[in-house]
file final.txt (compact mmCIF, C-alpha atoms)
# COMPACT_ATOMS: atom_id res chain seq x y z
CA MET J 1 24.17 59.75 -10.09
CA SER J 2 20.90 58.94 -11.89
CA PHE J 3 22.64 56.49 -14.23
CA LEU J 4 24.42 54.81 -11.32
CA ARG J 5 21.10 54.47 -9.49
CA LEU J 6 19.54 52.86 -12.57
CA ILE J 7 22.44 50.37 -12.76
CA VAL J 8 21.96 49.49 -9.08
CA CYS J 9 18.18 49.08 -9.53
CA VAL J 10 18.54 46.88 -12.62
CA ALA J 11 21.23 44.77 -10.95
CA GLY J 12 19.08 44.47 -7.83
CA VAL J 13 15.93 43.37 -9.67
CA TYR J 14 17.85 40.91 -11.84
CA SER J 15 19.97 39.39 -9.08
CA MET J 16 17.21 39.11 -6.48
CA PHE J 17 14.54 37.62 -8.74
CA LEU J 18 16.89 35.34 -10.66
CA ILE J 19 18.06 33.85 -7.35
CA TRP J 20 14.41 33.76 -6.24
CA ALA J 21 13.45 31.80 -9.35
CA ILE J 22 16.29 29.30 -8.92
CA ALA J 23 15.32 28.81 -5.26
CA GLN J 24 11.66 28.33 -6.23
CA GLU J 25 12.50 25.63 -8.75
CA ARG J 26 14.88 23.96 -6.28
CA LEU J 27 12.07 23.79 -3.70
CA SER J 28 9.92 21.88 -6.19
CA VAL J 29 12.34 18.94 -6.53
CA PRO J 30 13.18 16.25 -3.91
CA PHE J 31 15.63 16.77 -1.02
CA LEU J 32 17.75 13.98 0.46
CA ASN J 33 16.52 12.56 3.77
CA ILE J 34 19.63 12.29 6.01
CA VAL J 35 17.99 9.47 8.04
CA THR J 36 16.66 7.14 5.34
CA GLY J 37 18.82 8.33 2.45
CA LYS J 38 15.74 8.66 0.22
CA PRO J 39 14.84 11.79 -1.77
CA GLU J 40 11.55 13.38 -0.66
CA LYS J 41 9.65 16.47 -1.79
CA PHE J 42 9.02 19.54 0.33
CA LYS J 43 5.23 19.92 0.52
CA SER J 44 4.63 22.72 3.03
CA VAL J 45 3.36 25.54 0.82
CA LEU J 46 2.02 27.27 3.94
CA LEU J 47 5.50 27.54 5.47
CA LEU J 48 6.83 28.75 2.12
CA ASN J 49 4.17 31.45 1.94
CA THR J 50 4.56 32.45 5.59
CA ALA J 51 8.31 32.96 5.18
CA GLN J 52 7.78 34.94 1.95
CA SER J 53 4.98 37.17 3.25
CA ALA J 54 6.67 37.85 6.61
CA ALA J 55 9.90 38.92 4.90
CA SER J 56 7.95 41.05 2.41
CA ALA J 57 5.91 42.78 5.14
CA LEU J 58 9.09 43.52 7.08
CA SER J 59 10.86 44.89 4.00
CA ALA J 60 7.86 47.10 3.14
CA LEU J 61 7.73 48.46 6.70
CA THR J 62 11.49 49.12 6.63
CA TYR J 63 11.14 50.91 3.29
CA MET J 64 8.34 53.14 4.62
CA LEU J 65 10.25 53.99 7.81
CA LEU J 66 13.37 54.94 5.86
CA ARG J 67 11.39 57.13 3.44
CA LYS J 68 8.95 58.56 5.99
CA LYS J 69 8.37 62.29 5.56
CA ASN J 70 9.19 64.62 8.43
CA GLY J 71 6.11 65.26 10.54
CA ALA J 72 4.12 62.38 9.03
CA SER J 73 2.12 60.39 11.55
CA LEU J 74 2.14 56.61 11.87
CA LYS J 75 -1.37 56.46 10.39
CA GLU J 76 -0.26 58.49 7.37
CA MET J 77 2.80 56.30 6.88
CA LEU J 78 0.69 53.12 6.96
CA GLY J 79 -2.02 54.52 4.69
CA LEU J 80 -4.68 54.72 7.40
CA ALA J 81 -5.24 58.47 6.98
CA VAL J 82 -5.65 58.63 3.22
CA THR J 83 -8.42 60.22 1.16
CA THR J 84 -10.90 58.34 -0.99
CA SER J 85 -11.89 58.98 -4.56
CA HIS J 86 -13.75 57.50 -7.49
CA SER J 87 -11.08 58.64 -9.91
CA VAL J 88 -7.44 58.70 -8.87
CA LYS J 89 -4.68 59.61 -11.30
CA ALA J 90 -1.11 58.83 -10.36
CA ASN J 91 2.29 59.28 -11.94
CA GLY J 92 3.51 55.87 -13.04
CA HIS J 93 1.42 53.01 -11.76
CA ALA J 94 2.62 49.44 -12.06
CA LYS J 95 2.25 46.04 -10.48
CA ALA J 96 5.01 44.17 -8.78
CA ASN J 97 3.62 41.20 -6.98
CA GLY J 98 6.54 39.44 -5.41
CA HIS J 99 4.59 36.68 -3.76
CA SER J 100 5.38 33.11 -4.48
CA ASN J 101 2.88 31.19 -6.53
CA GLY J 102 4.24 27.86 -5.79
CA HIS J 103 4.21 30.97 -4.78
CA THR J 104 3.99 36.34 -5.71
CA ASN J 105 3.26 36.87 -5.96
CA GLY J 106 5.83 38.50 -6.91
CA HIS J 107 5.58 37.78 -7.60
CA ALA J 108 7.94 38.54 -7.42
CA ASN J 109 5.29 38.21 -8.13
CA GLY J 110 5.21 38.92 -7.58
CA HIS J 111 1.91 40.24 -7.00
CA ALA J 112 2.25 44.54 -4.50
CA ASN J 113 1.39 47.45 -6.71
CA GLY J 114 3.44 50.61 -6.87
CA HIS J 115 2.90 54.24 -7.65
CA ALA J 116 5.90 55.90 -9.24
CA ASN J 117 6.03 58.99 -7.08
CA GLY J 118 3.51 58.02 -4.42
CA SER J 119 1.55 61.13 -5.38
CA ALA J 120 -1.95 61.47 -6.69
CA LYS J 121 -4.09 64.23 -8.14
CA ASP J 122 -7.77 64.27 -7.48
CA ALA J 123 -10.08 67.23 -7.29
CA SER J 124 -12.90 65.19 -5.75
CA ALA J 125 -11.04 63.71 -2.76
CA LYS J 126 -13.16 62.96 0.31
CA PRO J 127 -12.25 62.59 4.01
CA PHE J 128 -11.25 59.08 5.08
CA THR J 129 -14.02 57.73 7.34
CA LEU J 130 -14.05 54.71 9.65
CA ASP J 131 -16.16 52.80 7.10
CA ASP J 132 -13.61 53.63 4.39
CA ARG J 133 -10.83 52.27 6.57
CA ARG J 134 -12.77 49.07 7.22
CA ASN J 135 -13.49 48.65 3.51
CA LEU J 136 -9.82 49.20 2.67
CA MET J 137 -8.70 46.64 5.24
CA PHE J 138 -11.29 44.20 3.90
CA ARG J 139 -9.89 44.64 0.37
CA PHE J 140 -6.36 44.01 1.64
CA LEU J 141 -7.58 40.88 3.45
CA GLN J 142 -9.37 39.78 0.29
CA CYS J 143 -6.11 40.04 -1.67
CA ALA J 144 -4.29 38.09 1.05
CA LEU J 145 -6.87 35.29 0.90
CA PHE J 146 -6.60 35.17 -2.89
CA ILE J 147 -2.81 34.89 -2.68
CA THR J 148 -2.98 32.20 0.02
CA THR J 149 -5.45 30.20 -2.08
CA ALA J 150 -3.51 30.58 -5.34
CA ALA J 151 -0.12 29.48 -3.99
CA PRO J 152 -0.76 25.71 -3.59
CA PHE J 153 -1.97 25.41 -7.19
CA GLY J 154 1.14 27.10 -8.59
CA PHE J 155 3.48 25.02 -6.44
CA ALA J 156 1.68 21.77 -7.28
CA SER J 157 1.82 22.52 -11.02
CA LEU J 158 5.63 22.22 -10.92
CA SER J 159 5.23 18.49 -10.26
CA HIS J 160 3.63 18.11 -13.70
CA ILE J 161 5.13 20.84 -15.92
CA SER J 162 8.64 22.25 -16.32
CA TYR J 163 9.71 25.50 -14.72
CA PRO J 164 10.18 27.25 -18.11
CA THR J 165 6.53 26.43 -18.85
CA MET J 166 5.52 28.00 -15.55
CA VAL J 167 7.61 31.12 -16.28
CA LEU J 168 5.86 31.51 -19.62
CA GLY J 169 2.50 31.05 -17.94
CA LYS J 170 3.35 33.67 -15.32
CA SER J 171 4.35 36.02 -18.14
CA CYS J 172 0.77 35.82 -19.43
CA LYS J 173 -0.96 37.33 -16.40
CA LEU J 174 -2.66 39.82 -18.72
CA VAL J 175 -5.06 37.05 -19.79
CA PRO J 176 -6.58 36.20 -16.36
CA VAL J 177 -6.37 39.85 -15.27
CA MET J 178 -8.45 40.89 -18.29
CA ILE J 179 -10.93 38.09 -17.75
CA MET J 180 -11.35 38.85 -14.04
CA ASN J 181 -11.67 42.59 -14.67
CA VAL J 182 -14.45 41.88 -17.18
CA LEU J 183 -16.24 39.35 -14.96
CA LEU J 184 -15.86 41.14 -11.60
CA TYR J 185 -15.81 44.83 -12.51
CA ARG J 186 -17.23 44.96 -16.09
CA ARG J 187 -14.19 46.80 -17.46
CA LYS J 188 -13.39 47.06 -21.19
CA PHE J 189 -9.98 46.96 -22.88
CA ALA J 190 -8.27 48.36 -25.98
CA ALA J 191 -8.23 46.24 -29.15
CA HIS J 192 -4.48 45.58 -29.02
CA LYS J 193 -4.84 43.80 -25.67
CA TYR J 194 -6.97 41.11 -27.30
CA LEU J 195 -4.20 40.64 -29.90
CA VAL J 196 -1.70 40.23 -27.06
CA VAL J 197 -3.97 37.65 -25.40
CA ALA J 198 -4.24 35.70 -28.67
CA MET J 199 -0.45 35.73 -29.17
CA VAL J 200 0.45 34.58 -25.67
CA THR J 201 -2.24 31.89 -25.75
CA ALA J 202 -0.93 30.59 -29.09
CA GLY J 203 2.65 30.70 -27.81
CA ILE J 204 1.82 28.73 -24.66
CA THR J 205 -0.07 26.17 -26.76
CA MET J 206 2.96 25.74 -29.05
CA PHE J 207 5.32 25.46 -26.09
CA MET J 208 3.21 22.78 -24.44
CA ALA J 209 2.60 20.89 -27.72
CA PHE J 210 6.28 20.62 -28.68
CA GLY J 211 7.62 20.20 -25.14
CA GLU J 212 11.18 19.30 -24.19
CA GLN J 213 13.67 17.04 -25.91
CA GLY J 214 13.75 13.64 -24.25
CA GLN J 215 10.40 14.29 -22.61
CA LYS J 216 8.27 11.22 -21.96
CA HIS J 217 5.35 10.80 -24.32
CA GLY J 218 2.19 8.77 -24.11
CA LYS J 219 -1.18 9.01 -22.45
CA GLY J 220 0.13 9.21 -18.88
CA ALA J 221 2.65 11.97 -19.65
CA ALA J 222 0.06 13.94 -21.61
CA GLN J 223 -2.47 13.70 -18.77
CA SER J 224 0.18 14.81 -16.28
CA SER J 225 1.09 17.86 -18.41
CA LEU J 226 -2.57 18.77 -18.89
CA TRP J 227 -3.20 18.48 -15.16
CA GLY J 228 -0.18 20.69 -14.47
CA LEU J 229 -1.42 23.23 -17.00
CA PHE J 230 -4.86 23.17 -15.38
CA LEU J 231 -3.32 23.84 -11.95
CA LEU J 232 -1.35 26.73 -13.41
CA ILE J 233 -4.49 28.17 -15.04
CA VAL J 234 -6.31 28.03 -11.68
CA ASN J 235 -3.34 29.76 -10.08
CA LEU J 236 -3.34 32.48 -12.76
CA ALA J 237 -7.12 32.94 -12.53
CA ILE J 238 -6.90 33.59 -8.77
CA ASP J 239 -3.91 35.86 -9.39
CA GLY J 240 -6.09 37.72 -11.89
CA ALA J 241 -8.70 38.23 -9.18
CA THR J 242 -5.94 39.53 -6.88
CA ASN J 243 -4.64 42.03 -9.44
CA SER J 244 -8.10 43.26 -10.41
CA THR J 245 -8.89 43.81 -6.70
CA GLN J 246 -5.64 45.75 -6.34
CA ASP J 247 -6.66 47.88 -9.32
CA GLU J 248 -10.01 48.51 -7.60
CA ILE J 249 -8.20 49.62 -4.44
CA PHE J 250 -6.03 52.07 -6.38
CA SER J 251 -9.09 53.49 -8.15
CA LYS J 252 -10.77 54.34 -4.82
CA TYR J 253 -8.01 55.01 -2.30
CA LYS J 254 -4.81 57.06 -2.33
CA VAL J 255 -2.46 54.36 -1.09
CA THR J 256 1.12 53.79 -2.18
CA GLY J 257 2.59 50.53 -3.40
CA GLN J 258 4.60 50.09 -0.21
CA GLN J 259 1.47 50.48 1.93
CA MET J 260 -0.39 47.90 -0.12
CA MET J 261 2.62 45.57 -0.03
CA PHE J 262 2.81 45.88 3.77
CA TRP J 263 -0.86 45.27 4.55
CA ILE J 264 -1.43 42.43 2.08
CA ASN J 265 1.69 40.60 3.27
CA LEU J 266 0.82 41.27 6.92
CA PHE J 267 -2.63 39.75 6.44
CA SER J 268 -1.13 36.87 4.44
CA THR J 269 1.32 36.13 7.24
CA PHE J 270 -1.52 36.14 9.79
CA VAL J 271 -3.71 33.81 7.68
CA THR J 272 -0.97 31.32 6.78
CA SER J 273 0.37 31.27 10.36
CA LEU J 274 -3.08 30.30 11.64
CA LEU J 275 -3.35 27.57 9.01
CA LEU J 276 0.11 26.31 9.99
CA VAL J 277 -0.76 25.77 13.65
CA PHE J 278 -4.31 24.40 13.24
CA PRO J 279 -4.84 20.75 12.27
CA LEU J 280 -6.31 20.51 8.77
CA PRO J 281 -7.76 17.59 6.78
CA HIS J 282 -5.88 16.15 3.83
CA ILE J 283 -6.97 18.03 0.69
CA PRO J 284 -5.25 17.04 -2.58
CA THR J 285 -3.19 19.90 -4.07
CA ILE J 286 -4.41 22.49 -1.53
CA HIS J 287 -3.25 20.68 1.65
CA PRO J 288 -1.33 17.50 0.71
CA GLY J 289 0.00 16.85 4.23
CA THR J 290 -1.00 14.18 6.73
CA ASN J 291 -4.68 14.16 7.66
CA TRP J 292 -5.52 16.31 10.74
CA GLU J 293 -1.90 16.91 11.68
CA ARG J 294 -0.61 20.44 12.19
CA GLU J 295 1.47 21.46 9.17
CA ILE J 296 3.99 23.36 11.29
CA VAL J 297 4.92 20.03 12.93
CA GLN J 298 5.27 18.29 9.55
CA ALA J 299 7.32 21.18 8.16
CA TRP J 300 9.66 21.22 11.16
CA ASP J 301 10.15 17.44 10.96
CA PHE J 302 10.99 17.80 7.26
CA ILE J 303 13.55 20.54 7.94
CA GLN J 304 15.23 18.40 10.62
CA THR J 305 15.54 15.38 8.33
CA HIS J 306 16.23 17.43 5.18
CA PRO J 307 18.57 20.27 6.28
CA SER J 308 19.45 21.07 2.66
CA VAL J 309 16.00 22.69 2.30
CA VAL J 310 16.92 25.57 4.64
CA MET J 311 19.14 27.48 2.18
CA PRO J 312 16.70 27.62 -0.78
CA LEU J 313 13.83 28.40 1.63
CA ALA J 314 15.75 31.36 3.07
CA GLN J 315 16.84 32.50 -0.40
CA PHE J 316 13.25 32.33 -1.64
CA ALA J 317 11.89 34.48 1.21
CA LEU J 318 14.67 37.07 1.43
CA THR J 319 15.34 37.62 -2.29
CA GLY J 320 11.61 37.92 -3.02
CA ALA J 321 11.27 40.61 -0.35
CA LEU J 322 14.43 42.51 -1.30
CA GLY J 323 13.54 42.29 -4.99
CA GLN J 324 10.33 44.19 -4.32
CA LEU J 325 12.31 47.02 -2.72
CA PHE J 326 14.39 47.39 -5.89
CA ILE J 327 11.17 47.34 -7.92
CA PHE J 328 9.71 50.23 -5.91
CA GLU J 329 12.98 52.18 -6.12
CA THR J 330 13.01 51.73 -9.90
CA LEU J 331 9.36 52.72 -10.11
CA GLN J 332 9.83 55.86 -8.04
CA HIS J 333 12.88 57.24 -9.84
CA PHE J 334 12.51 55.93 -13.41
CA GLY J 335 8.82 55.24 -13.95
CA SER J 336 6.70 52.28 -14.98
CA LEU J 337 8.03 52.04 -18.54
CA THR J 338 11.56 51.34 -17.37
CA LEU J 339 10.20 48.83 -14.86
CA VAL J 340 8.15 47.03 -17.55
CA THR J 341 11.27 46.70 -19.71
CA ILE J 342 13.31 45.35 -16.81
CA THR J 343 10.68 42.83 -15.69
CA LEU J 344 10.05 41.64 -19.26
CA THR J 345 13.72 40.90 -19.89
CA ARG J 346 14.07 39.47 -16.39
CA LYS J 347 11.43 36.83 -17.15
CA LEU J 348 13.25 35.90 -20.34
CA PHE J 349 16.55 35.52 -18.48
CA THR J 350 14.78 33.56 -15.74
CA MET J 351 13.64 31.00 -18.29
CA LEU J 352 17.11 30.85 -19.89
CA LEU J 353 18.78 30.47 -16.49
CA SER J 354 16.41 27.63 -15.60
CA VAL J 355 17.26 25.89 -18.87
CA ILE J 356 20.99 26.22 -18.14
CA VAL J 357 21.02 25.39 -14.41
CA TYR J 358 18.54 22.50 -14.50
CA ARG J 359 19.41 21.36 -18.04
CA HIS J 360 15.98 21.58 -19.63
CA ARG J 361 16.32 20.67 -23.32
CA LEU J 362 13.69 22.52 -25.34
CA THR J 363 12.72 21.62 -28.90
CA PRO J 364 12.86 24.28 -31.68
CA GLY J 365 9.05 24.36 -31.63
CA ALA J 366 9.09 25.09 -27.89
CA TRP J 367 11.58 27.92 -28.41
CA LEU J 368 9.34 29.31 -31.16
CA GLY J 369 6.35 29.21 -28.81
CA ALA J 370 8.36 31.06 -26.15
CA GLY J 371 9.29 33.64 -28.78
CA VAL J 372 5.63 34.18 -29.68
CA VAL J 373 4.76 34.72 -25.99
CA PHE J 374 7.49 37.30 -25.45
CA ALA J 375 6.61 38.96 -28.75
CA GLY J 376 3.04 39.38 -27.51
CA ILE J 377 4.23 40.85 -24.22
CA SER J 378 6.56 43.18 -26.18
CA VAL J 379 3.57 44.46 -28.18
CA GLU J 380 1.87 45.40 -24.90
CA ALA J 381 5.04 47.15 -23.65
CA TYR J 382 5.47 49.02 -26.97
CA VAL J 383 1.87 50.29 -27.02
CA LYS J 384 2.14 51.38 -23.40
CA ARG J 385 5.39 53.26 -24.12
CA ARG J 386 3.81 54.95 -27.15
CA ASP J 387 0.72 56.02 -25.19
CA VAL J 388 2.74 57.44 -22.31
CA HIS J 389 4.99 59.32 -24.74
CA ALA J 390 1.91 60.81 -26.45
CA LYS J 391 0.56 61.95 -23.07
CA ARG J 392 3.87 63.60 -22.22
CA VAL J 393 3.85 65.46 -25.55
CA MET J 394 0.31 66.69 -24.84
CA GLN J 395 1.33 67.83 -21.35
CA GLU J 396 4.30 69.75 -22.74
CA LYS J 397 2.02 71.46 -25.27
CA GLU J 398 -0.41 72.43 -22.53
CA LYS J 399 2.43 73.86 -20.44
CA ALA J 400 3.66 75.84 -23.47
CA LYS J 401 0.17 77.30 -24.00
CA ILE J 402 -0.04 78.34 -20.33
CA LYS J 403 3.34 80.05 -20.56
CA ASP J 404 2.25 81.94 -23.69
CA LEU J 405 -0.80 83.22 -21.82
call {"tool": "encode", "arguments": {"input": "final.txt", "output": "structure tokens"}}
result
Amino acid sequence: MSFLRLIVCVAGVYSMFLIWAIAQERLSVPFLNIVTGKPEKFKSVLLLNTAQSAASALSALTYMLLRKKNGASLKEMLGLAVTTSHSVKANGHAKANGHSNGHTNGHANGHANGHANGSAKDASAKPFTLDDRRNLMFRFLQCALFITTAAPFGFASLSHISYPTMVLGKSCKLVPVMIMNVLLYRRKFAAHKYLVVAMVTAGITMFMAFGEQGQKHGKGAAQSSLWGLFLLIVNLAIDGATNSTQDEIFSKYKVTGQQMMFWINLFSTFVTSLLLVFPLPHIPTIHPGTNWEREIVQAWDFIQTHPSVVMPLAQFALTGALGQLFIFETLQHFGSLTLVTITLTRKLFTMLLSVIVYRHRLTPGAWLGAGVVFAGISVEAYVKRRDVHAKRVMQEKEKAKIKDL
């Protein structure tokens, strides 16, 4: 039964997020206008984010309702009756941000964090006050604002760099997360993490330097690629702020990944829905629509004249949300190490699938750069696996000593 569940979880994560990635790349290229016959790009990042966050909030709520403990109140289910702490230790803690970063983050994201068993041990837990609840909601809103701000930069970068380049960049979230943790919360990291940062940075540099076969060269192409890389860096930096804020939430409050996923996506849906219905000025990259026209009107007009956009838009929202459910199921039953292995290989297959489906032709140097990036990420996964194994050995020894007593 356990093996069958693992197969289902792996198949779910792979299928959902591979489809999600294909839909994301499809949304970045032109769609045929059925009236004029001309290809035009879909520019409504707000609609994209609203669909993604609404589906993710609904899936998180459904997950919590299905797994709700007997006798648990609504407040407890939603994380509004938790305890606070300055030091929370949980079994298996991992990030799974499924939001779009041109889109999740989410990310999948990805960008929602998960606790393996939803349980925490803390001897210094304190009652959850009204001020604590307000602070927690403010942190969730802060994450939602970060995600909403990051999305346009990631989506715009796809107009200047290839999707495989973006996948590699998204695989290097450790870099901005480390930087933001140091700048915002003055945290320090182990020496091997700096090696990982150096490897992924070198790999990305190689990938960008060698590029694709048949790629246009010259000053204009180089400037376009650099601008796309800059947009991606901005996107990753804001994502880093999101992840470091999520880490801060987990260090102070006993909330589960599903609760965080629900509240962040609920706030994101509220924020992006407001921005959709209010007229906004034209802001390059952030709001590329018509000046002072409501984006919901522009988005609806685009859907009517470009009906082929509906399918990838629906795939993007639904698969991103469902993918997060498989991530939490994997995390709960098999732990963060299994999830890290699955997500690492999933990113590799995402890049390969993009190369096959959209016929990107990478040079040997670009493949080498991709290899260096994934090697760096593998070092991080290996060290994490080794550390967790060492902790388990220590725990077993402690249990043996207690039994002897």
call {"tool": "closest_residue", "arguments": {"input": "final.txt", "among": "J:Ala191, J:Leu183, J:Ile249, J:Ala366", "to": "J:Ala237", "atoms": "all atoms listed in the file"}}
result
J:Leu183
call {"tool": "residues_around", "arguments": {"input": "final.txt", "residues": "stretch 61-76 of chain J", "least_positions_apart": "2", "cutoff": "10 Å", "atoms": "only C-alpha atoms", "output": "PyMOL selection string"}}
result
chain J and resi 55-59+78-82+255-256+258-259+261-263+266+325+328-329
call {"tool": "closest_residue", "arguments": {"input": "final.txt", "among": "J:Pro364, J:Pro288, J:Gly228, J:Gly12", "to": "J:Ile342", "atoms": "only C-alpha atoms"}}
result
J:Gly12
call {"tool": "closest_residue", "arguments": {"input": "final.txt", "among": "J:Ser244, J:Met166, J:Asp239, J:Leu195", "to": "J:Val182", "atoms": "only C-alpha atoms"}}
result
J:Ser244
call {"tool": "atom_distance", "arguments": {"input": "final.txt", "atom1": "atom CA of J:Met178", "atom2": "atom CA of J:Glu248"}}
result
13.2 Å
call {"tool": "atom_distance", "arguments": {"input": "final.txt", "atom1": "atom CA of J:Ala317", "atom2": "atom CA of J:Thr343"}}
result
18.9 Å
call {"tool": "closest_residue", "arguments": {"input": "final.txt", "among": "J:Phe138, J:Thr148, J:His333, J:Val13", "to": "J:Thr269", "atoms": "all atoms listed in the file"}}
result
J:Thr148
call {"tool": "closest_residue", "arguments": {"input": "final.txt", "among": "J:Val10, J:Leu226, J:Val357, J:Leu48", "to": "J:Pro312", "atoms": "only C-alpha atoms"}}
result
J:Leu48
call {"tool": "closest_residue", "arguments": {"input": "final.txt", "among": "J:Val372, J:Pro307, J:Thr149, J:His160", "to": "J:Ala198", "atoms": "all atoms listed in the file"}}
result
J:Val372
call {"tool": "atom_distance", "arguments": {"input": "final.txt", "atom1": "atom CA of J:Phe31", "atom2": "atom CA of J:Leu353"}}
result
20.9 Å
call {"tool": "residues_around", "arguments": {"input": "final.txt", "residues": "J:Leu18", "least_positions_apart": "5", "cutoff": "9 Å", "atoms": "only C-alpha atoms", "output": "list of chain:residue names"}}
result
J:Val13, J:Ala23, J:Thr319, J:Arg346, J:Lys347, J:Phe349, J:Thr350, J:Leu353
call {"tool": "residues_near_point", "arguments": {"input": "final.txt", "point": "(0.5, 31.8, 5.9)", "cutoff": "10 Å", "atoms": "only C-alpha atoms", "output": "PyMOL selection string"}}
result
chain J and resi 45-54+144-145+147-148+265-277
call {"tool": "residues_around", "arguments": {"input": "final.txt", "residues": "J:Gly376", "least_positions_apart": "5", "cutoff": "7 Å", "atoms": "only C-alpha atoms", "output": "PyMOL selection string"}}
result
chain J and resi 196+199-200
call {"tool": "residues_around", "arguments": {"input": "final.txt", "residues": "J:Phe207", "least_positions_apart": "4", "cutoff": "12 Å", "atoms": "only C-alpha atoms", "output": "PyMOL selection string"}}
result
chain J and resi 161-162+164-169+200-203+211-213+225+229+362-373
